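Shown here: model.txt, compact mmCIF, C-alpha atoms.
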# COMPACT_ATOMS: atom_id res chain seq x y z
CA MET A 148 121.35 74.76 75.62
CA ALA A 149 123.45 71.86 76.89
CA ASP A 150 126.19 74.33 77.89
CA ALA A 151 123.75 76.53 79.76
CA HIS A 152 122.36 73.47 81.51
CA ALA A 153 125.86 72.36 82.49
CA HIS A 154 126.63 75.84 83.85
CA ALA A 155 123.39 75.97 85.81
CA LEU A 156 123.82 72.57 87.46
CA GLU A 157 127.04 72.67 89.43
CA HIS A 158 126.45 69.03 90.40
CA PRO A 159 124.06 66.38 89.02
CA THR A 160 120.67 66.08 90.71
CA SER A 161 117.98 63.40 90.39
CA THR A 162 115.38 66.03 89.43
CA GLY A 163 117.54 67.88 86.90
CA ILE A 164 116.81 71.06 88.86
CA ASP A 165 119.54 72.87 90.78
CA SER A 166 119.33 72.01 94.51
CA ARG A 167 119.38 75.71 95.49
CA LYS A 168 116.39 76.42 93.25
CA LEU A 169 114.50 73.43 94.67
CA ALA A 170 115.32 74.65 98.19
CA ILE A 171 114.05 78.20 97.62
CA TRP A 172 110.81 76.87 96.12
CA THR A 173 110.32 74.54 99.11
CA PHE A 174 110.94 77.51 101.42
CA ILE A 175 108.41 79.60 99.44
CA GLY A 176 105.87 76.75 99.75
CA SER A 177 106.26 76.76 103.54
CA GLU A 178 105.99 80.55 103.60
CA CYS A 179 102.62 80.26 101.80
CA LEU A 180 101.31 78.34 104.84
CA PHE A 181 102.78 80.93 107.22
CA PHE A 182 101.22 83.95 105.51
CA THR A 183 97.88 82.19 104.96
CA SER A 184 97.67 81.58 108.71
CA LEU A 185 98.27 85.29 109.36
CA ILE A 186 95.72 86.36 106.70
CA SER A 187 93.16 83.88 108.13
CA THR A 188 93.71 85.32 111.62
CA TYR A 189 93.12 88.83 110.27
CA LEU A 190 89.92 87.68 108.53
CA VAL A 191 88.41 85.84 111.54
CA TYR A 192 88.96 88.92 113.76
CA LYS A 193 87.74 91.36 111.07
CA GLY A 194 84.91 93.55 112.38
CA LYS A 195 85.15 92.19 115.96
CA SER A 196 86.98 95.13 117.56
CA LEU A 197 85.05 96.67 120.47
CA VAL A 198 86.82 100.05 120.36
CA GLY A 199 88.44 102.15 117.63
CA PRO A 200 90.31 103.32 115.69
CA LEU A 201 88.87 101.23 112.87
CA PRO A 202 90.12 100.91 109.27
CA HIS A 203 87.12 102.07 107.23
CA THR A 204 84.67 103.78 109.61
CA THR A 205 84.57 106.42 112.33
CA SER A 206 84.44 104.95 115.85
CA GLN A 207 84.74 105.67 119.55
CA CYS A 208 88.29 105.28 120.85
CA MET A 209 90.36 106.07 123.94
CA LEU A 210 92.74 108.97 123.26
CA HIS A 211 94.77 110.51 126.11
CA GLY A 212 92.53 108.77 128.66
CA LYS A 213 89.30 110.18 127.17
CA LEU A 214 86.66 108.54 124.95
CA GLU A 215 86.70 110.44 121.66
CA GLU A 216 85.40 110.04 118.13
CA CYS A 217 88.12 108.73 115.76
CA GLU A 218 88.18 108.98 111.97
CA GLN A 219 88.88 105.97 109.74
CA ILE A 220 92.63 105.49 109.61
CA PHE A 221 93.40 103.87 106.25
CA GLN A 222 95.02 106.08 103.61
CA ILE A 223 94.16 104.20 100.42
CA PRO A 224 95.96 106.52 97.92
CA LEU A 225 99.30 106.16 99.75
CA VAL A 226 99.05 102.36 100.03
CA THR A 227 97.91 102.08 96.39
CA PHE A 228 101.04 103.97 95.34
CA GLY A 229 103.19 101.68 97.52
CA THR A 230 101.47 98.64 95.99
CA ALA A 231 102.18 99.91 92.47
CA VAL A 232 105.86 100.48 93.37
CA LEU A 233 106.16 96.92 94.77
CA LEU A 234 104.48 95.49 91.63
CA PHE A 235 106.83 97.46 89.40
CA SER A 236 109.83 96.31 91.46
CA SER A 237 108.88 92.74 90.48
CA PHE A 238 109.05 93.88 86.85
CA PHE A 239 112.40 95.64 87.52
CA VAL A 240 113.96 92.47 88.97
CA VAL A 241 112.95 90.27 85.99
CA MET A 242 114.50 92.88 83.68
CA ALA A 243 117.67 92.73 85.82
CA LEU A 244 117.59 88.91 85.58
CA ASN A 245 117.22 89.19 81.81
CA GLY A 246 120.31 91.43 81.82
CA ALA A 247 122.25 88.94 83.98
CA GLN A 248 121.35 85.98 81.75
CA THR A 249 122.24 87.78 78.53
CA GLY A 250 125.46 89.31 79.92
CA ASN A 251 124.12 92.88 79.66
CA ARG A 252 125.83 94.37 82.74
CA LYS A 253 124.37 97.87 82.28
CA ARG A 254 120.83 96.48 82.21
CA LEU A 255 121.55 94.23 85.20
CA ILE A 256 122.91 97.00 87.45
CA GLY A 257 120.35 99.63 86.36
CA TRP A 258 117.23 97.49 86.88
CA LEU A 259 118.57 95.87 90.05
CA SER A 260 119.26 99.32 91.54
CA ALA A 261 115.69 100.33 90.64
CA THR A 262 114.40 97.19 92.40
CA VAL A 263 116.29 98.01 95.61
CA ILE A 264 115.05 101.63 95.50
CA GLY A 265 111.46 100.38 94.98
CA GLY A 266 111.81 98.04 97.97
CA LEU A 267 113.22 100.84 100.14
CA PHE A 268 110.31 103.09 99.12
CA PHE A 269 107.80 100.40 100.13
CA ILE A 270 109.48 99.97 103.54
CA GLY A 271 109.44 103.76 103.99
CA MET A 272 105.73 103.83 103.11
CA GLN A 273 105.01 101.15 105.70
CA VAL A 274 107.07 102.87 108.44
CA TYR A 275 105.21 106.15 107.73
CA GLU A 276 101.88 104.29 107.80
CA PHE A 277 102.64 102.64 111.17
CA TYR A 278 103.81 105.99 112.62
CA HIS A 279 100.60 107.63 111.37
CA PHE A 280 98.43 104.87 112.89
CA VAL A 281 100.16 105.06 116.28
CA HIS A 282 99.75 108.84 116.19
CA LYS A 283 96.00 108.29 115.56
CA GLY A 284 95.78 106.04 118.63
CA LEU A 285 96.12 102.56 117.11
CA GLY A 286 98.71 100.61 119.11
CA TYR A 287 99.51 96.90 118.90
CA THR A 288 97.19 96.09 121.85
CA THR A 289 94.50 98.74 121.26
CA ASN A 290 92.01 96.34 119.65
CA LEU A 291 91.78 93.11 117.62
CA PHE A 292 92.18 95.06 114.37
CA GLY A 293 95.45 96.63 115.58
CA SER A 294 96.94 93.32 116.78
CA SER A 295 96.06 91.35 113.62
CA PHE A 296 96.92 94.24 111.25
CA TYR A 297 100.36 94.99 112.73
CA THR A 298 101.23 91.26 112.94
CA LEU A 299 100.28 90.58 109.30
CA THR A 300 101.71 93.69 107.65
CA GLY A 301 104.69 93.77 110.06
CA PHE A 302 105.76 90.25 109.09
CA HIS A 303 105.33 91.15 105.43
CA GLY A 304 107.41 94.31 105.93
CA SER A 305 110.17 92.30 107.62
CA HIS A 306 110.20 89.95 104.60
CA VAL A 307 110.48 92.98 102.26
CA THR A 308 113.40 94.24 104.38
CA LEU A 309 115.17 90.86 104.11
CA GLY A 310 114.52 90.90 100.35
CA VAL A 311 116.08 94.37 100.01
CA ILE A 312 119.17 93.21 101.97
CA TRP A 313 119.48 90.08 99.78
CA LEU A 314 119.07 92.04 96.51
CA SER A 315 121.55 94.67 97.73
CA THR A 316 124.21 91.99 98.26
CA VAL A 317 123.58 90.69 94.73
CA LEU A 318 123.78 94.28 93.43
CA ILE A 319 127.19 94.70 95.09
CA LEU A 320 128.34 91.46 93.42
CA ALA A 321 127.08 92.75 90.05
CA ILE A 322 128.84 96.12 90.48
CA ARG A 323 132.10 94.29 91.31
CA GLY A 324 131.67 92.23 88.12
CA LYS A 325 131.18 88.97 90.01
CA LEU A 326 127.82 88.05 88.45
CA PRO A 327 128.57 86.64 84.98
CA PRO A 328 125.76 84.93 82.98
CA GLU A 329 126.73 81.47 84.30
CA LYS A 330 126.10 82.75 87.86
CA ALA A 331 122.74 84.37 87.04
CA LEU A 332 121.07 81.76 89.27
CA ASN A 333 122.33 83.76 92.29
CA LEU A 334 120.07 86.62 91.17
CA GLU A 335 117.25 84.27 90.11
CA LEU A 336 116.99 82.87 93.67
CA ALA A 337 116.80 86.36 95.19
CA ALA A 338 114.28 87.35 92.49
CA LEU A 339 112.06 84.33 93.29
CA TYR A 340 111.97 85.40 96.96
CA TRP A 341 111.22 88.99 95.89
CA HIS A 342 108.32 87.86 93.63
CA PHE A 343 106.94 85.81 96.51
CA VAL A 344 106.96 88.90 98.75
CA ASP A 345 105.12 90.67 95.92
CA VAL A 346 102.43 87.96 95.48
CA VAL A 347 101.80 87.97 99.24
CA TRP A 348 101.13 91.72 99.04
CA ILE A 349 98.88 91.11 95.99
CA VAL A 350 96.67 89.12 98.43
CA ILE A 351 97.11 91.38 101.50
CA PHE A 352 96.29 94.63 99.68
CA PRO A 353 92.67 93.81 98.66
CA VAL A 354 91.95 91.67 101.76
CA VAL A 355 93.14 94.25 104.30
CA TYR A 356 92.71 97.61 102.57
CA LEU A 357 89.93 97.25 99.99
CA MET A 358 87.43 94.77 101.51
CA ARG A 359 85.32 96.73 103.98
CA MET B 190 104.84 83.93 73.84
CA GLU B 191 108.39 84.38 72.52
CA HIS B 192 111.32 83.25 74.66
CA ALA B 193 114.87 84.46 75.20
CA ALA B 194 117.74 83.74 77.59
CA THR B 195 118.30 80.13 78.65
CA PRO B 196 118.83 80.18 82.42
CA ALA B 197 119.41 77.71 85.25
CA GLY B 198 117.44 74.55 84.66
CA GLY B 199 117.75 74.80 80.88
CA HIS B 200 114.26 76.25 80.16
CA ALA B 201 114.06 79.46 78.15
CA HIS B 202 112.62 82.43 80.04
CA PRO B 203 110.32 85.03 78.43
CA THR B 204 111.75 88.07 76.61
CA ALA B 205 111.90 91.62 77.99
CA GLY B 206 108.89 92.45 75.76
CA THR B 207 106.78 89.79 77.49
CA TYR B 208 107.82 91.15 80.90
CA VAL B 209 106.69 94.64 79.85
CA LYS B 210 103.29 93.32 78.66
CA ILE B 211 102.75 91.51 81.97
CA ALA B 212 103.71 94.67 83.92
CA ILE B 213 101.10 96.70 81.98
CA ILE B 214 98.41 94.06 82.65
CA LEU B 215 99.32 93.97 86.39
CA PHE B 216 99.11 97.76 86.60
CA ALA B 217 95.73 97.76 84.82
CA LEU B 218 94.33 95.08 87.17
CA THR B 219 95.49 97.08 90.23
CA ALA B 220 93.83 100.20 88.80
CA LEU B 221 90.61 98.17 88.35
CA GLU B 222 90.79 96.98 91.99
CA VAL B 223 91.17 100.49 93.40
CA GLY B 224 88.62 101.91 90.92
CA GLY B 225 86.06 99.28 91.96
CA TYR B 226 86.73 100.04 95.63
CA GLU B 227 86.28 103.79 95.08
CA VAL B 228 83.03 103.34 93.11
CA ALA B 229 81.61 101.04 95.82
CA ARG B 230 82.77 103.36 98.66
CA SER B 231 81.80 106.77 97.32
CA GLY B 232 78.36 105.82 96.00
CA GLU B 233 78.84 108.27 93.11
CA HIS B 234 77.80 107.03 89.64
CA ALA B 235 74.70 105.47 91.27
CA GLY B 236 74.01 103.01 88.43
CA LEU B 237 77.55 101.60 88.42
CA ALA B 238 77.78 101.60 92.24
CA SER B 239 74.57 99.55 92.51
CA ILE B 240 76.24 96.83 90.40
CA VAL B 241 79.77 97.03 91.86
CA ALA B 242 79.00 97.47 95.60
CA PRO B 243 77.30 94.07 96.19
CA THR B 244 79.88 92.20 94.09
CA ILE B 245 83.04 94.04 95.17
CA VAL B 246 84.42 91.13 97.26
CA PRO B 247 84.23 88.50 94.46
CA ILE B 248 85.56 91.09 91.98
CA LEU B 249 88.58 91.79 94.23
CA ILE B 250 89.20 88.05 94.76
CA VAL B 251 89.15 87.35 90.99
CA LEU B 252 91.42 90.33 90.16
CA SER B 253 93.86 89.43 92.94
CA ALA B 254 93.94 85.77 91.84
CA ALA B 255 94.63 86.87 88.24
CA LYS B 256 97.55 89.06 89.38
CA PHE B 257 98.90 86.26 91.59
CA ALA B 258 98.78 83.79 88.68
CA LEU B 259 100.45 86.20 86.23
CA VAL B 260 103.38 86.89 88.57
CA ALA B 261 103.79 83.18 89.41
CA MET B 262 103.58 82.00 85.78
CA PHE B 263 105.65 84.66 84.00
CA TYR B 264 107.85 86.46 86.57
CA MET B 265 108.54 83.36 88.70
CA HIS B 266 108.80 81.32 85.46
CA LEU B 267 106.54 78.46 86.60
CA LYS B 268 105.11 78.33 83.07
CA GLN B 269 108.56 77.37 81.73
CA ASP B 270 110.15 75.57 84.69
CA GLY B 271 108.10 72.38 84.63
CA PRO B 272 105.54 70.64 86.84
CA LEU B 273 107.73 69.77 89.86
CA LEU B 274 108.29 73.38 90.96
CA SER B 275 104.64 74.22 90.22
CA GLY B 276 103.62 71.31 92.45
CA ILE B 277 105.91 72.46 95.29
CA PHE B 278 104.25 75.91 95.11
CA VAL B 279 100.61 75.00 94.40
CA PHE B 280 100.21 72.05 96.83
CA PRO B 281 100.94 74.15 99.97
CA ILE B 282 98.60 76.86 98.61
CA ILE B 283 95.76 74.30 98.32
CA ILE B 284 96.40 73.11 101.91
CA ALA B 285 96.65 76.72 103.12
CA VAL B 286 93.37 77.77 101.48
CA ALA B 287 91.62 74.70 102.93
CA ILE B 288 92.92 75.55 106.44
CA ALA B 289 91.88 79.20 106.01
CA LEU B 290 88.34 78.22 104.95
CA ALA B 291 88.09 75.75 107.86
CA LEU B 292 89.26 78.40 110.34
CA ILE B 293 86.80 81.00 109.00
CA ALA B 294 83.94 78.43 109.15
CA LEU B 295 84.93 77.42 112.70
CA PHE B 296 84.94 81.01 113.95
CA ALA B 297 81.62 81.70 112.19
CA VAL B 298 80.03 78.72 113.99
CA VAL B 299 81.50 79.79 117.35
CA HIS B 300 80.22 83.35 116.76
CA ILE B 301 76.68 82.04 116.04
CA MET B 302 76.76 79.78 119.16
CA VAL B 303 77.91 82.68 121.37
CA GLN B 304 75.13 84.91 120.01
CA ARG B 305 72.49 82.17 120.62
CA GLY B 306 73.83 81.65 124.15
CA ALA B 307 73.52 85.39 124.83
CA HIS B 308 69.81 85.42 123.94
Using structure tokens, write down the structure from this file.
Amino acid sequence: MADAHAHALEHPTSTGIDSRKLAIWTFIGSECLFFTSLISTYLVYKGKSLVGPLPHTTSQCMLHGKLEECEQIFQIPLVTFGTAVLLFSSFFVVMALNGAQTGNRKRLIGWLSATVIGGLFFIGMQVYEFYHFVHKGLGYTTNLFGSSFYTLTGFHGSHVTLGVIWLSTVLILAIRGKLPPEKALNLELAALYWHFVDVVWIVIFPVVYLMR
Amino acid sequence: MEHAATPAGGHAHPTAGTYVKIAIILFALTALEVGGYEVARSGEHAGLASIVAPTIVPILIVLSAAKFALVAMFYMHLKQDGPLLSGIFVFPIIIAVAIALALIALFAVVHIMVQRGAH
């Protein structure tokens, strides 16, 4: 225990917590404020769009310069599957961390690869969803729903993309054998960021997609 | 819960078995969320829909809060890592929720005033 503690703390700190870990948690705390402001903006504009397309109901919308009837645009089964993949990727990364901490390299590389693949799938799902929405006539400036939806989910998607890049760099380190148990904190920091991206989606998914 | 590897900070993290249990619970809660949404939306199973439809928003908030707490406590290890990190995470969330509620209340009041002005 004392050895592990000595490995974890490369220099003494007044809190007894590694400075990098304290920094990532402070960053996550500030990110909570950022995403809550975006979710609040989505909520205050919810149901105030004057033209379609709308998320849950058919509506009148301008398509090719003509006023037409538009269907609801959300595809709940696809997003539910993406949500499940993102949730499971959080599980994958803790299994990878467990492998890193116990020196099980096979477990570390296998689960970390699965995490990166899960993240890539989620990004792909979101790109497909945006493409589908634009095809159905929902641009960024079409209505209040479009502006607030693309801003909220777009910022989340960019965070997922950053998370995938970060985890991929850690995966490369692991494959090269440069992530021994005493350096498992490098993965733990990336994993904390990844879990934060996951908990933000845990809030966004019901607020945006399931509450009508 | 049982604990395994001792990581950075010196506090033991949960075992792989605990992580699997949490994953199953998270999956079940997500299935409940989507199931509740589908029952409320489709109107099938009239008896169940009449109970779920009016309460779907509080149900979704409770399920989402439970999932949030499980990930934060077990996957982000706040349960093991001590009160300082929990404070750094929870305090901004309290401020954020207060700001969100204030913003929603403000816009609701403005909406009511605009509607009164229009009549």
**Prompt:** Using all atoms listed in the file, what residues lie at most 9 Å away from (95.0, 85.5, 106.6) (file coordinates), given as a PyMOL selection string?
**Reply:** (chain A and resi 182-191+299+351+354) or (chain B and resi 289)
**Request:** Select all residues from chain A having any atom no more than 7 Å from an atom of chain B (counting only C-alpha atoms, ignoring ligands), output as a VMD selection string.
**Result:** chain A and resid 148 151 to 152 155 164 to 165 172 to 173 176 to 177 179 to 180 183 to 184 187 191 231 235 238 241 to 242 245 248 to 249 332 339 342 346 349 to 350 353 357 to 358
Restricted to C-alpha atoms, what would the selected residues look like written as a CSV table (one decimal), in the frame of the given file?
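Result saved to selection-v2.csv:
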chain,number,residue,atom,x,y,z
A,148,MET,CA,121.4,74.8,75.6
A,151,ALA,CA,123.8,76.5,79.8
A,152,HIS,CA,122.4,73.5,81.5
A,155,ALA,CA,123.4,76.0,85.8
A,164,ILE,CA,116.8,71.1,88.9
A,165,ASP,CA,119.5,72.9,90.8
A,172,TRP,CA,110.8,76.9,96.1
A,173,THR,CA,110.3,74.5,99.1
A,176,GLY,CA,105.9,76.8,99.8
A,177,SER,CA,106.3,76.8,103.5
A,179,CYS,CA,102.6,80.3,101.8
A,180,LEU,CA,101.3,78.3,104.8
A,183,THR,CA,97.9,82.2,105.0
A,184,SER,CA,97.7,81.6,108.7
A,187,SER,CA,93.2,83.9,108.1
A,191,VAL,CA,88.4,85.8,111.5
A,231,ALA,CA,102.2,99.9,92.5
A,235,PHE,CA,106.8,97.5,89.4
A,238,PHE,CA,109.0,93.9,86.8
A,241,VAL,CA,113.0,90.3,86.0
A,242,MET,CA,114.5,92.9,83.7
A,245,ASN,CA,117.2,89.2,81.8
A,248,GLN,CA,121.4,86.0,81.8
A,249,THR,CA,122.2,87.8,78.5
A,332,LEU,CA,121.1,81.8,89.3
A,339,LEU,CA,112.1,84.3,93.3
A,342,HIS,CA,108.3,87.9,93.6
A,346,VAL,CA,102.4,88.0,95.5
A,349,ILE,CA,98.9,91.1,96.0
A,350,VAL,CA,96.7,89.1,98.4
A,353,PRO,CA,92.7,93.8,98.7
A,357,LEU,CA,89.9,97.2,100.0
A,358,MET,CA,87.4,94.8,101.5
**Message:** As an exercise, work out the distance from atom CA of Ala337 of chain A to atom CA of Thr298 of chain A in Å and give it to one decimal place.
**Reply:**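 Value for the atom CA of Ala337 of chain A-atom CA of Thr298 of chain A distance: 24.1 Å.
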**Item:** Exercise: Leu214 of chain A partners within 12 Å, all atoms listed in the file, chain neighbours under 6 positions left out, as a VMD selection string
**Value:** chain A and resid 198 to 200 206 to 208 284
**Message:** So the first atom is atom CA of Thr300 of chain A and the second is atom CA of Ser236 of chain A; what is the distance between them in Å, to one decimal place?
**Reply:**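 Computing the Euclidean distance for atom CA of Thr300 of chain A and atom CA of Ser236 of chain A yields 18.3 Å.
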**Message:** At a cut-off of 8 Å, using only C-alpha atoms, what residues contact Ile220 of chain A? Leave out same-chain residues fewer than 2 positions from it and give the result as a PyMOL selection string.
**Reply:** chain A and resi 200-203+218+222+280+283
**Request:** For Val263 of chain A, list every protein, DNA or RNA residue within 8 Å, evaluated using all atoms listed in the file, and leave out those in the same chain fewer than 2 positions away; present the list as a list in words.
**Result:**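 Close residues of Val263 of chain A: Ser236, Leu259, Ser260, Ala261, Gly265, Gly266, Leu267, Val311, Leu314 and Ser315 of chain A.
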Save the residues we just selected, C-alpha atoms, as a PDB file, in the coordinates of the input?
ATOM      1  CA  SER A 236     109.830  96.310  91.460  1.00  0.00           C
ATOM      2  CA  LEU A 259     118.570  95.870  90.050  1.00  0.00           C
ATOM      3  CA  SER A 260     119.260  99.320  91.540  1.00  0.00           C
ATOM      4  CA  ALA A 261     115.690 100.330  90.640  1.00  0.00           C
ATOM      5  CA  GLY A 265     111.460 100.380  94.980  1.00  0.00           C
ATOM      6  CA  GLY A 266     111.810  98.040  97.970  1.00  0.00           C
ATOM      7  CA  LEU A 267     113.220 100.840 100.140  1.00  0.00           C
ATOM      8  CA  VAL A 311     116.080  94.370 100.010  1.00  0.00           C
ATOM      9  CA  LEU A 314     119.070  92.040  96.510  1.00  0.00           C
ATOM     10  CA  SER A 315     121.550  94.670  97.730  1.00  0.00           C
TER      11      SER A 315
END
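Note that the spacing between atom CA of Asn333 of chain A and atom CA of Lys253 of chain A amounts to 17.4 Å.
The smallest atom-to-atom distance between Gln219 of chain A and any of A:Lys330, A:Phe352, A:Ser161, A:Arg359, using all atoms listed in the file, is found for A:Arg359.
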**Option closest in space to Leu225 of chain A, from A:Gly212, A:Gly286, A:Gly271, A:Gly250 [counting only C-alpha atoms]** = A:Gly271
Please complete segment 305-334 of chain A with N, CA and C atoms and give it back as a PDB file, keeping the file's coordinate frame.
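To be explicit, this is the file written out as rebuild.pdb:
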ATOM      1  N   SER A 305     108.855  92.865 107.267  1.00  0.00           N
ATOM      2  CA  SER A 305     110.170  92.300 107.620  1.00  0.00           C
ATOM      3  C   SER A 305     110.690  91.422 106.477  1.00  0.00           C
ATOM      4  N   HIS A 306     109.789  90.742 105.766  1.00  0.00           N
ATOM      5  CA  HIS A 306     110.200  89.950 104.600  1.00  0.00           C
ATOM      6  C   HIS A 306     110.700  90.875 103.471  1.00  0.00           C
ATOM      7  N   VAL A 307     110.024  92.018 103.287  1.00  0.00           N
ATOM      8  CA  VAL A 307     110.480  92.980 102.260  1.00  0.00           C
ATOM      9  C   VAL A 307     111.884  93.472 102.633  1.00  0.00           C
ATOM     10  N   THR A 308     112.091  93.756 103.929  1.00  0.00           N
ATOM     11  CA  THR A 308     113.400  94.240 104.380  1.00  0.00           C
ATOM     12  C   THR A 308     114.492  93.209 104.099  1.00  0.00           C
ATOM     13  N   LEU A 309     114.200  91.926 104.407  1.00  0.00           N
ATOM     14  CA  LEU A 309     115.170  90.860 104.110  1.00  0.00           C
ATOM     15  C   LEU A 309     115.442  90.777 102.610  1.00  0.00           C
ATOM     16  N   GLY A 310     114.382  90.930 101.807  1.00  0.00           N
ATOM     17  CA  GLY A 310     114.520  90.900 100.350  1.00  0.00           C
ATOM     18  C   GLY A 310     115.423  92.017  99.850  1.00  0.00           C
ATOM     19  N   VAL A 311     115.250  93.221 100.422  1.00  0.00           N
ATOM     20  CA  VAL A 311     116.080  94.370 100.010  1.00  0.00           C
ATOM     21  C   VAL A 311     117.545  94.102 100.366  1.00  0.00           C
ATOM     22  N   ILE A 312     117.784  93.518 101.565  1.00  0.00           N
ATOM     23  CA  ILE A 312     119.170  93.210 101.970  1.00  0.00           C
ATOM     24  C   ILE A 312     119.776  92.188 101.000  1.00  0.00           C
ATOM     25  N   TRP A 313     118.998  91.142 100.688  1.00  0.00           N
ATOM     26  CA  TRP A 313     119.480  90.080  99.780  1.00  0.00           C
ATOM     27  C   TRP A 313     119.804  90.669  98.385  1.00  0.00           C
ATOM     28  N   LEU A 314     118.852  91.450  97.846  1.00  0.00           N
ATOM     29  CA  LEU A 314     119.070  92.040  96.510  1.00  0.00           C
ATOM     30  C   LEU A 314     120.241  93.016  96.518  1.00  0.00           C
ATOM     31  N   SER A 315     120.424  93.730  97.638  1.00  0.00           N
ATOM     32  CA  SER A 315     121.550  94.670  97.730  1.00  0.00           C
ATOM     33  C   SER A 315     122.882  93.936  97.662  1.00  0.00           C
ATOM     34  N   THR A 316     122.958  92.757  98.312  1.00  0.00           N
ATOM     35  CA  THR A 316     124.210  91.990  98.260  1.00  0.00           C
ATOM     36  C   THR A 316     124.487  91.518  96.827  1.00  0.00           C
ATOM     37  N   VAL A 317     123.410  91.115  96.129  1.00  0.00           N
ATOM     38  CA  VAL A 317     123.580  90.690  94.730  1.00  0.00           C
ATOM     39  C   VAL A 317     123.993  91.879  93.860  1.00  0.00           C
ATOM     40  N   LEU A 318     123.424  93.068  94.173  1.00  0.00           N
ATOM     41  CA  LEU A 318     123.780  94.280  93.430  1.00  0.00           C
ATOM     42  C   LEU A 318     125.263  94.599  93.603  1.00  0.00           C
ATOM     43  N   ILE A 319     125.754  94.449  94.840  1.00  0.00           N
ATOM     44  CA  ILE A 319     127.190  94.700  95.090  1.00  0.00           C
ATOM     45  C   ILE A 319     128.046  93.726  94.269  1.00  0.00           C
ATOM     46  N   LEU A 320     127.622  92.457  94.228  1.00  0.00           N
ATOM     47  CA  LEU A 320     128.340  91.460  93.420  1.00  0.00           C
ATOM     48  C   LEU A 320     128.356  91.881  91.945  1.00  0.00           C
ATOM     49  N   ALA A 321     127.194  92.351  91.464  1.00  0.00           N
ATOM     50  CA  ALA A 321     127.080  92.750  90.050  1.00  0.00           C
ATOM     51  C   ALA A 321     127.987  93.937  89.754  1.00  0.00           C
ATOM     52  N   ILE A 322     128.001  94.922  90.681  1.00  0.00           N
ATOM     53  CA  ILE A 322     128.840  96.120  90.480  1.00  0.00           C
ATOM     54  C   ILE A 322     130.325  95.722  90.445  1.00  0.00           C
ATOM     55  N   ARG A 323     130.693  94.733  91.277  1.00  0.00           N
ATOM     56  CA  ARG A 323     132.100  94.290  91.310  1.00  0.00           C
ATOM     57  C   ARG A 323     132.440  93.359  90.134  1.00  0.00           C
ATOM     58  N   GLY A 324     131.438  93.091  89.284  1.00  0.00           N
ATOM     59  CA  GLY A 324     131.670  92.230  88.120  1.00  0.00           C
ATOM     60  C   GLY A 324     131.731  90.756  88.448  1.00  0.00           C
ATOM     61  N   LYS A 325     131.122  90.377  89.586  1.00  0.00           N
ATOM     62  CA  LYS A 325     131.180  88.970  90.010  1.00  0.00           C
ATOM     63  C   LYS A 325     129.866  88.236  89.760  1.00  0.00           C
ATOM     64  N   LEU A 326     129.074  88.739  88.780  1.00  0.00           N
ATOM     65  CA  LEU A 326     127.820  88.050  88.450  1.00  0.00           C
ATOM     66  C   LEU A 326     127.747  87.809  86.938  1.00  0.00           C
ATOM     67  N   PRO A 327     128.606  86.946  86.424  1.00  0.00           N
ATOM     68  CA  PRO A 327     128.570  86.640  84.980  1.00  0.00           C
ATOM     69  C   PRO A 327     127.318  85.804  84.656  1.00  0.00           C
ATOM     70  N   PRO A 328     126.978  85.654  83.362  1.00  0.00           N
ATOM     71  CA  PRO A 328     125.760  84.930  82.980  1.00  0.00           C
ATOM     72  C   PRO A 328     125.657  83.529  83.602  1.00  0.00           C
ATOM     73  N   GLU A 329     126.802  82.838  83.739  1.00  0.00           N
ATOM     74  CA  GLU A 329     126.730  81.470  84.300  1.00  0.00           C
ATOM     75  C   GLU A 329     126.404  81.465  85.785  1.00  0.00           C
ATOM     76  N   LYS A 330     126.473  82.656  86.443  1.00  0.00           N
ATOM     77  CA  LYS A 330     126.100  82.750  87.860  1.00  0.00           C
ATOM     78  C   LYS A 330     124.791  83.510  88.050  1.00  0.00           C
ATOM     79  N   ALA A 331     124.005  83.624  86.967  1.00  0.00           N
ATOM     80  CA  ALA A 331     122.740  84.370  87.040  1.00  0.00           C
ATOM     81  C   ALA A 331     121.758  83.726  88.009  1.00  0.00           C
ATOM     82  N   LEU A 332     121.957  82.440  88.319  1.00  0.00           N
ATOM     83  CA  LEU A 332     121.070  81.760  89.270  1.00  0.00           C
ATOM     84  C   LEU A 332     121.092  82.448  90.638  1.00  0.00           C
ATOM     85  N   ASN A 333     122.245  83.042  91.010  1.00  0.00           N
ATOM     86  CA  ASN A 333     122.330  83.760  92.290  1.00  0.00           C
ATOM     87  C   ASN A 333     121.287  84.873  92.344  1.00  0.00           C
ATOM     88  N   LEU A 334     121.092  85.568  91.213  1.00  0.00           N
ATOM     89  CA  LEU A 334     120.070  86.620  91.170  1.00  0.00           C
ATOM     90  C   LEU A 334     118.680  85.997  91.053  1.00  0.00           C
TER      91      LEU A 334
END
